[in-house]
There are 2 protein chains.
Amino acid sequence: MEQNKENMAAKQETVVSNTSGKPPASKDFVINLDVGDPTMYESFWKGMGDQGAITILSSQTISYFSDVTNFCWFLEPEFAREIRRLHKLVGNAVTEDQHLIVGTGSSQLLQAAVYALSPSDTPDQMNVVSVVPYYSSYAPLMDYLRSRLFRWAGDACTFKGDAYIELVCSPSNPDGFLRQAFLKSEGGKTIHDLAYYWPQYTPITSPADHDISIFTISKSIGHAGSRLGWALVKDAAVARKMTKFIELSTIGVSKVSQIRATKILKVVSDSYEHPIPGNPDKLFDFGRRLLVNRWKKLREAVKASGIFSLPEFPSETCKFTGEKAETLPAFAWLKCEKEGIEDCASFLRTHKILTRGGSYFGASPNYTRVSMIDRDETFDLFTERLSSLH
Amino acid sequence: MEQNKENMAAKQETVVSNTSGKPPASKDFVINLDVGDPTMYESFWKGMGDQGAITILSSQTISYFSDVTNFCWFLEPEFAREIRRLHKLVGNAVTEDQHLIVGTGSSQLLQAAVYALSPSDTPDQMNVVSVVPYYSSYAPLMDYLRSRLFRWAGDACTFKGDAYIELVCSPSNPDGFLRQAFLKSEGGKTIHDLAYYWPQYTPITSPADHDISIFTISKSIGHAGSRLGWALVKDAAVARKMTKFIELSTIGVSKVSQIRATKILKVVSDSYEHPIPGNPDKLFDFGRRLLVNRWKKLREAVKASGIFSLPEFPSETCKFTGEKAETLPAFAWLKCEKEGIEDCASFLRTHKILTRGGSYFGASPNYTRVSMIDRDETFDLFTERLSSLH
């Protein structure tokens with residue numbers, strides 16, 4: 001977000017973005033695809049009309065507590081049920097014998113997980129690592145409070161030692177590839193960040209079944225503004241310590257967001273399990289259709305330009321759809337191949353396209369990350385402008 | 001929350017509490033008044049019927065962003081307007097020339113403020129202090145991540161040095177008295193925690209106008225489950241750093257909670273500014289009426305018992321109501337005066353009354369804190385049981 005704000009502050013221009021809520025008024029406007037703001041889902045939810053709408057009375061959600069019989073006392077039971085139901089429907093995660101924890105977005109859960117896995121009784125800090133290119137927020141999230149419990153230690157591939165937590169983002173933000181843990185030490189721990197393991201972005205090949213898996217409402221169904229994520233956690237003691245972190249950090253998670261998301265999740269699962277005649281669209285189908293189209297347009301623009309390249313992905317059978325499916329990441333990991341241009345993001349910025357440069361991901365500045373999940377108008381302007389760059 | 005959960009786990013009994021959502025079924029049940037869960041407001045909001053109800057469509061609040069023109073980009077503009085309007089109506093805080101920041105409850109804002117006031121370029125940690133008895137969460141909030149930036153340093157009255165942040169909770173949780181900063185060093189900083197500076201709890205004598213003032217939806221209007229608080233901050237750089245903290249911690253604050261709270265705040269302010277005939281009740285009047293009645297009952301129970309004492313408070317003219325008003329804290333700071341009983345909370349626990357002992361507040365275990373803002377049934381059982389203890 002910071003870079004995004006800096007970009008905007010520096011430019012002092014009207015920005016065509018995820019953020020403005022308005023279609024672009026001119027072709028010269030700044031195109032902001034730095035943040036992965038999932039506004040492409042707005043048109044789907046607008047098309048759903050009253051479905052998913054919820055009326056909340058002023059007498060609801062007053063208490064701090066959602067369920068005192070649950071160790072995660074701030075988890076709304078209906079929200080938990082709909083999460084488990086969705087995973088079962090999609091087949092992307094095992095939920096049996098897993099403890100479910102809700103968080104204020106997946107960032108909070110990631111911090112909670114690192115906190116829970118870092119011993120408090122040793123003088124040494126836990127080293128938190130991830131394979132390059134890693135999600136740009138991992139480093140600042142680990143270091144902003146200068147904790148004595150843990151620290152960011154960079155690229156997993158160059159890490160030596162046994163005391164580590166490896167963050168495994170699969171499909172990977174920024175590059176879209178499926179990943180497995182790189183380090184294999186007995187003493188090491190892993191946290192799987194599965195924000196993008198949903199059928200619109202990647203073929204679902206098997207249900208995830210890790211020690212800790214983290215998901216988010218933002219990227220699964222598009223509701224970033226609700227600030228909701230969840231974790232599936234095998235070990236009860238780890239789950240309790242994560243819950244304690246969220247209790248200290250924010251005394252739980254918005255119940256208003258949870259009961260509202262419950263309704264929306266129900267609409268998504270119902271649309272597959274109990275389809276209504278004359279109500280043709282379904283969320284994952286919508287997402288896939290849009291991303292197929294966008295990736296096609298982007299590859300055409302890259303080809304037309306002649307100075308960029310994109311990763312190539314294998315196709316696999318998706319167990320959710322039963323069909324052979326391409327990988328269609330939520331971000332494009334764009335490389336500038338033109339000689340003399342070493343910083344792809346800076347080059348694009350001179351053409352009023354804001355993206356997030358490779359160095360934020362521990363990678364070469366030849367690369368930059370571009371959001372593929374913004375509104376249609378923004379995306380179309382982007383591919384149009386990109387194809388004109390030579 | 002931890003103590004509350006431990007209490008419950010240890011007892012393995014059905015608990016009459018803020019948490020169960022059900023009235024007590026038997027006089028022998030455990031009475032849980034450990035947490036300040038503001039469920040006494042439920043009956044007010046039930047009485048309001050459809051007023052304050054809100055319908056949210058599934059196409060709303062999708063983007064991360066609320067207002068990219070504001071440095072606090074996750075603050076809903078309408079929420080900000082209603083917060084400023086309420087302060088103006090009540091007269092409890094100056095909002096002109098103050099930056100407004102929303103947080104996921106006041107705990108997050110407190111951490112954000114300490115983060116913002118702690119320099120990152122010195123090897124020494126900032127010392128965070130507060131006058132005994134201080135709010136029981138201050139110490140764990142400062143120390144759970146073992147930050148190198150700041151640390152909990154205990155009672156402000158015994159602190160020596162210049163590098164400190166004093167947390168000033170006024171009216172004080174747990175004891176209800178109005179407080180001013182105790183330390184006066186030029187280099188020191190203060191954060192005012194004004195969660196209880198509302199006319200149901202204390203006469204409003206002047207509008208607060210501090211460097212940093214923190215408020216919460218939980219205690220002002222009773223909606224703890226929304227997880228919303230706000231800060232008024234004079235210095236722009238501090239406000240920006242607090243915003244950065246919340247961006248890292250949770251990438252902003254639930255927009256669903258904010259738009260819902262906006263509606264509820266509007267109902268509160270409208271009821272005073274544009275009263276509807278035949279709609280007699282108003283939130284602060286309701287709160288005051290209940291607390292007048294509860295404090296009367298509690299003082300009678302304490303008298304009947306003969307082994308406890310309570311603080312005595314001065315009456316002052318409240319500028320909001322224009323009337324002479326008693327102090328009616330959200331917590332009772334109960335002292336056990338009986339010889340041989342040194343731990344008031346343990347003594348009450350043997351009588352199945354759960355409260356939070358004085359040692360959590362840096363004070364003597366002769367004291368314990370009792371929530372005054374739970375549901376009627378719980379409070380009535382409490383005073384009944386208390387009056388029978390001799």
# chains A, B, ... in the order shown; residues from 1 in each chain; ligands from 1
>>> select_by_dssp(residues="range 212-343 of chain A", states="strand (DSSP E)", output="number ranges by chain")
A: 212-216, 229-233, 308-309, 316-317, 324-325, 331-336
>>> select_by_dssp(residues="range 42-166 of chain B", states="helix (DSSP H, G or I)", output="PyMOL selection string")
chain B and resi 42-47+77-90+105-117+138-143+156-158
>>> atom_distance(atom1="CA of Glu76 in chain A", atom2="CA of Phe29 in chain B")
24.7 Å
>>> residues_around(residues="Lys88 in chain A", least_positions_apart="5", cutoff="12 Å", atoms="only C-alpha atoms", output="JSON list (two decimals) with N, CA and C atoms, in the first residue's frame")
[["chain", "number", "residue", "atom", "x", "y", "z"],
["A", 81, "ARG", "N", -18.88, -22.72, 9.60],
["A", 81, "ARG", "CA", -19.57, -23.75, 8.82],
["A", 81, "ARG", "C", -19.48, -23.49, 7.33],
["A", 82, "GLU", "N", -19.65, -22.24, 6.93],
["A", 82, "GLU", "CA", -19.61, -21.91, 5.50],
["A", 82, "GLU", "C", -18.19, -22.03, 4.92],
["A", 83, "ILE", "N", -17.19, -21.74, 5.73],
["A", 83, "ILE", "CA", -15.80, -21.93, 5.29],
["A", 83, "ILE", "C", -15.52, -23.41, 5.02],
["A", 93, "ALA", "N", -8.90, -27.83, 0.22],
["A", 93, "ALA", "CA", -8.28, -28.01, 1.54],
["A", 93, "ALA", "C", -9.06, -29.02, 2.35],
["A", 94, "VAL", "N", -8.31, -29.82, 3.09],
["A", 94, "VAL", "CA", -8.90, -30.74, 4.06],
["A", 94, "VAL", "C", -9.25, -29.93, 5.31],
["A", 95, "THR", "N", -10.45, -30.06, 5.79],
["A", 95, "THR", "CA", -10.80, -29.31, 7.01],
["A", 95, "THR", "C", -11.04, -30.22, 8.21],
["A", 96, "GLU", "N", -11.15, -31.52, 7.96],
["A", 96, "GLU", "CA", -11.30, -32.45, 9.09],
["A", 96, "GLU", "C", -10.00, -32.46, 9.88],
["A", 206, "SER", "N", -5.26, -31.13, -5.69],
["A", 206, "SER", "CA", -5.49, -31.96, -4.50],
["A", 206, "SER", "C", -5.80, -31.06, -3.32],
["A", 207, "PRO", "N", -6.52, -31.60, -2.34],
["A", 207, "PRO", "CA", -6.84, -30.76, -1.17],
["A", 207, "PRO", "C", -5.59, -30.53, -0.32],
["A", 208, "ALA", "N", -5.32, -29.28, 0.01],
["A", 208, "ALA", "CA", -4.18, -28.93, 0.86],
["A", 208, "ALA", "C", -4.39, -29.54, 2.24],
["A", 269, "SER", "N", -21.65, -21.07, -2.42],
["A", 269, "SER", "CA", -21.80, -22.53, -2.36],
["A", 269, "SER", "C", -23.16, -22.98, -2.88],
["A", 272, "TYR", "N", -23.50, -23.49, -6.62],
["A", 272, "TYR", "CA", -22.99, -24.74, -7.18],
["A", 272, "TYR", "C", -23.80, -25.95, -6.71],
["A", 273, "GLU", "N", -24.21, -25.92, -5.45],
["A", 273, "GLU", "CA", -24.89, -27.10, -4.89],
["A", 273, "GLU", "C", -26.38, -27.11, -5.17],
["A", 319, "LYS", "N", -9.64, -30.64, -10.47],
["A", 319, "LYS", "CA", -10.58, -31.59, -9.88],
["A", 319, "LYS", "C", -11.91, -30.94, -9.51],
["A", 320, "PHE", "N", -11.91, -29.64, -9.41],
["A", 320, "PHE", "CA", -13.16, -28.93, -9.11],
["A", 320, "PHE", "C", -14.05, -28.86, -10.35]]
>>> interface_residues(of="chain B", to="chain A", cutoff="6 Å", atoms="only C-alpha atoms", output="PyMOL selection string")
chain B and resi 19+37+39+42+45-46+52-59+61-65+104+108+145-148+223-227+250+254-257
>>> residues_around(residues="Glu326 in chain B", least_positions_apart="2", cutoff="12 Å", atoms="only C-alpha atoms", output="compact mmCIF listing (two decimals) with N, CA, C and O atoms, in the first residue's frame")
# COMPACT_ATOMS: atom_id res chain seq x y z
N GLY B 176 -12.28 4.34 37.77
CA GLY B 176 -13.33 5.31 37.44
C GLY B 176 -12.99 6.77 37.63
O GLY B 176 -13.77 7.63 37.25
N PHE B 177 -11.83 7.07 38.24
CA PHE B 177 -11.49 8.47 38.47
C PHE B 177 -10.95 9.15 37.21
O PHE B 177 -10.30 8.51 36.40
N PRO B 199 -20.89 10.62 28.52
CA PRO B 199 -21.73 11.15 29.60
C PRO B 199 -22.50 10.11 30.41
O PRO B 199 -23.02 10.45 31.48
N GLN B 200 -22.60 8.88 29.95
CA GLN B 200 -23.25 7.88 30.80
C GLN B 200 -22.36 7.48 31.99
O GLN B 200 -22.86 7.01 33.01
N TYR B 201 -21.03 7.66 31.83
CA TYR B 201 -20.10 7.22 32.86
C TYR B 201 -19.57 8.34 33.76
O TYR B 201 -19.19 8.09 34.89
N THR B 202 -19.52 9.54 33.20
CA THR B 202 -18.84 10.62 33.92
C THR B 202 -19.38 11.97 33.46
O THR B 202 -19.77 12.10 32.29
N PRO B 203 -19.41 12.96 34.32
CA PRO B 203 -19.80 14.30 33.85
C PRO B 203 -18.77 14.77 32.79
O PRO B 203 -17.58 14.60 33.00
N ILE B 204 -19.26 15.32 31.70
CA ILE B 204 -18.37 15.88 30.68
C ILE B 204 -18.08 17.32 31.10
O ILE B 204 -18.96 18.17 31.09
N ARG B 288 -27.05 6.25 31.31
CA ARG B 288 -26.98 6.91 32.61
C ARG B 288 -28.03 6.36 33.58
O ARG B 288 -27.75 6.08 34.73
N ARG B 289 -29.26 6.22 33.07
CA ARG B 289 -30.36 5.73 33.90
C ARG B 289 -30.03 4.33 34.45
O ARG B 289 -30.20 4.06 35.64
N LEU B 291 -27.05 2.98 34.79
CA LEU B 291 -25.90 2.98 35.69
C LEU B 291 -26.23 3.65 37.03
O LEU B 291 -25.71 3.23 38.07
N VAL B 292 -27.11 4.66 37.03
CA VAL B 292 -27.57 5.24 38.30
C VAL B 292 -28.19 4.14 39.15
O VAL B 292 -27.87 3.95 40.33
N ASN B 293 -29.07 3.37 38.52
CA ASN B 293 -29.79 2.30 39.19
C ASN B 293 -28.83 1.20 39.66
O ASN B 293 -28.91 0.71 40.79
N TRP B 295 -25.48 1.38 40.18
CA TRP B 295 -24.57 1.82 41.25
C TRP B 295 -25.30 1.92 42.59
O TRP B 295 -24.73 1.63 43.64
N LYS B 296 -26.58 2.30 42.54
CA LYS B 296 -27.38 2.34 43.77
C LYS B 296 -27.53 0.93 44.34
O LYS B 296 -27.28 0.69 45.54
N GLU B 312 -15.56 6.52 46.38
CA GLU B 312 -16.58 7.58 46.39
C GLU B 312 -16.16 8.64 45.38
O GLU B 312 -14.99 8.98 45.29
N PHE B 313 -17.12 9.12 44.62
CA PHE B 313 -16.79 10.06 43.54
C PHE B 313 -17.48 11.41 43.78
O PHE B 313 -18.59 11.46 44.30
N PRO B 314 -16.81 12.48 43.35
CA PRO B 314 -17.47 13.80 43.43
C PRO B 314 -18.54 13.91 42.34
O PRO B 314 -18.47 13.23 41.32
N SER B 315 -19.55 14.75 42.57
CA SER B 315 -20.50 15.09 41.51
C SER B 315 -20.07 16.40 40.87
O SER B 315 -19.52 17.27 41.53
N GLU B 316 -20.31 16.50 39.57
CA GLU B 316 -19.96 17.75 38.88
C GLU B 316 -21.04 18.06 37.87
O GLU B 316 -21.83 17.19 37.49
N THR B 317 -21.06 19.30 37.39
CA THR B 317 -22.02 19.64 36.35
C THR B 317 -21.52 19.09 35.01
O THR B 317 -20.39 19.35 34.61
N CYS B 318 -22.39 18.34 34.36
CA CYS B 318 -22.05 17.80 33.05
C CYS B 318 -22.46 18.81 31.99
O CYS B 318 -23.62 19.22 31.91
N THR B 321 -25.33 17.41 29.55
CA THR B 321 -26.72 17.38 30.02
C THR B 321 -27.11 18.71 30.67
O THR B 321 -28.30 19.00 30.79
N GLU B 323 -26.74 19.23 33.70
CA GLU B 323 -27.16 18.89 35.06
C GLU B 323 -26.00 18.40 35.91
O GLU B 323 -25.00 17.92 35.39
N LYS B 324 -26.18 18.52 37.21
CA LYS B 324 -25.22 17.95 38.15
C LYS B 324 -25.27 16.44 38.00
O LYS B 324 -26.35 15.85 37.99
N LEU B 328 -20.32 7.45 37.32
CA LEU B 328 -20.92 6.11 37.34
C LEU B 328 -20.08 5.19 36.46
O LEU B 328 -20.46 4.86 35.33
N PRO B 329 -18.93 4.75 36.97
CA PRO B 329 -17.98 4.03 36.10
C PRO B 329 -18.54 2.73 35.53
O PRO B 329 -19.43 2.11 36.09
>>> closest_residue(among="A:Glu300, A:Asp376, A:Asp155, A:Asp124", to="Ala139 in chain A", atoms="only C-alpha atoms")
A:Asp155
>>> atom_distance(atom1="CA of Arg84 in chain B", atom2="CA of Gln98 in chain B")
10.1 Å
>>> residues_around(residues="Thr190 in chain A", least_positions_apart="3", cutoff="9 Å", atoms="only C-alpha atoms", output="list of chain:residue names")
A:Tyr164, A:Ile165, A:Glu166, A:Leu167, A:Val168, A:Ala181, A:Leu183, A:His210, A:Asp211, A:Ile212
>>> residues_around(residues="Val370 in chain A", least_positions_apart="4", cutoff="7 Å", atoms="only C-alpha atoms", output="list of chain:residue names")
A:Leu33, A:Asp34, A:Phe331, A:Ala332, A:Trp333, A:Thr355, A:Arg356
>>> write_last_selection(atoms="N, CA and C atoms", output="PDB file, in the first residue's frame")
ATOM      1  N   LEU A  33      -1.900  -0.349 -11.057  1.00  0.00           N
ATOM      2  CA  LEU A  33      -2.057  -1.794 -10.865  1.00  0.00           C
ATOM      3  C   LEU A  33      -0.998  -2.321  -9.890  1.00  0.00           C
ATOM      4  N   ASP A  34      -0.663  -1.470  -8.942  1.00  0.00           N
ATOM      5  CA  ASP A  34       0.327  -1.819  -7.925  1.00  0.00           C
ATOM      6  C   ASP A  34      -0.266  -2.789  -6.905  1.00  0.00           C
ATOM      7  N   PHE A 331      -1.788 -12.112 -10.503  1.00  0.00           N
ATOM      8  CA  PHE A 331      -0.779 -11.108 -10.852  1.00  0.00           C
ATOM      9  C   PHE A 331      -0.006 -11.583 -12.073  1.00  0.00           C
ATOM     10  N   ALA A 332       0.401 -10.631 -12.906  1.00  0.00           N
ATOM     11  CA  ALA A 332       1.320 -10.948 -13.997  1.00  0.00           C
ATOM     12  C   ALA A 332       2.723 -10.547 -13.543  1.00  0.00           C
ATOM     13  N   TRP A 333       3.655 -11.479 -13.700  1.00  0.00           N
ATOM     14  CA  TRP A 333       5.050 -11.242 -13.322  1.00  0.00           C
ATOM     15  C   TRP A 333       5.786 -10.913 -14.614  1.00  0.00           C
ATOM     16  N   THR A 355       3.124  -0.178 -11.132  1.00  0.00           N
ATOM     17  CA  THR A 355       3.196  -1.596 -10.800  1.00  0.00           C
ATOM     18  C   THR A 355       4.170  -1.729  -9.625  1.00  0.00           C
ATOM     19  N   ARG A 356       4.418  -2.952  -9.178  1.00  0.00           N
ATOM     20  CA  ARG A 356       5.323  -3.119  -8.044  1.00  0.00           C
ATOM     21  C   ARG A 356       6.596  -3.818  -8.518  1.00  0.00           C
TER      22      ARG A 356
END
>>> residues_around(residues="Tyr367 in chain B", least_positions_apart="4", cutoff="12 Å", atoms="only C-alpha atoms", output="MDAnalysis selection string")
chainID B and resid 133 174:175 308:311 332:338 341:348 355:363
>>> atom_distance(atom1="CA of Gly287 in chain A", atom2="CA of Met372 in chain A")
10.9 Å
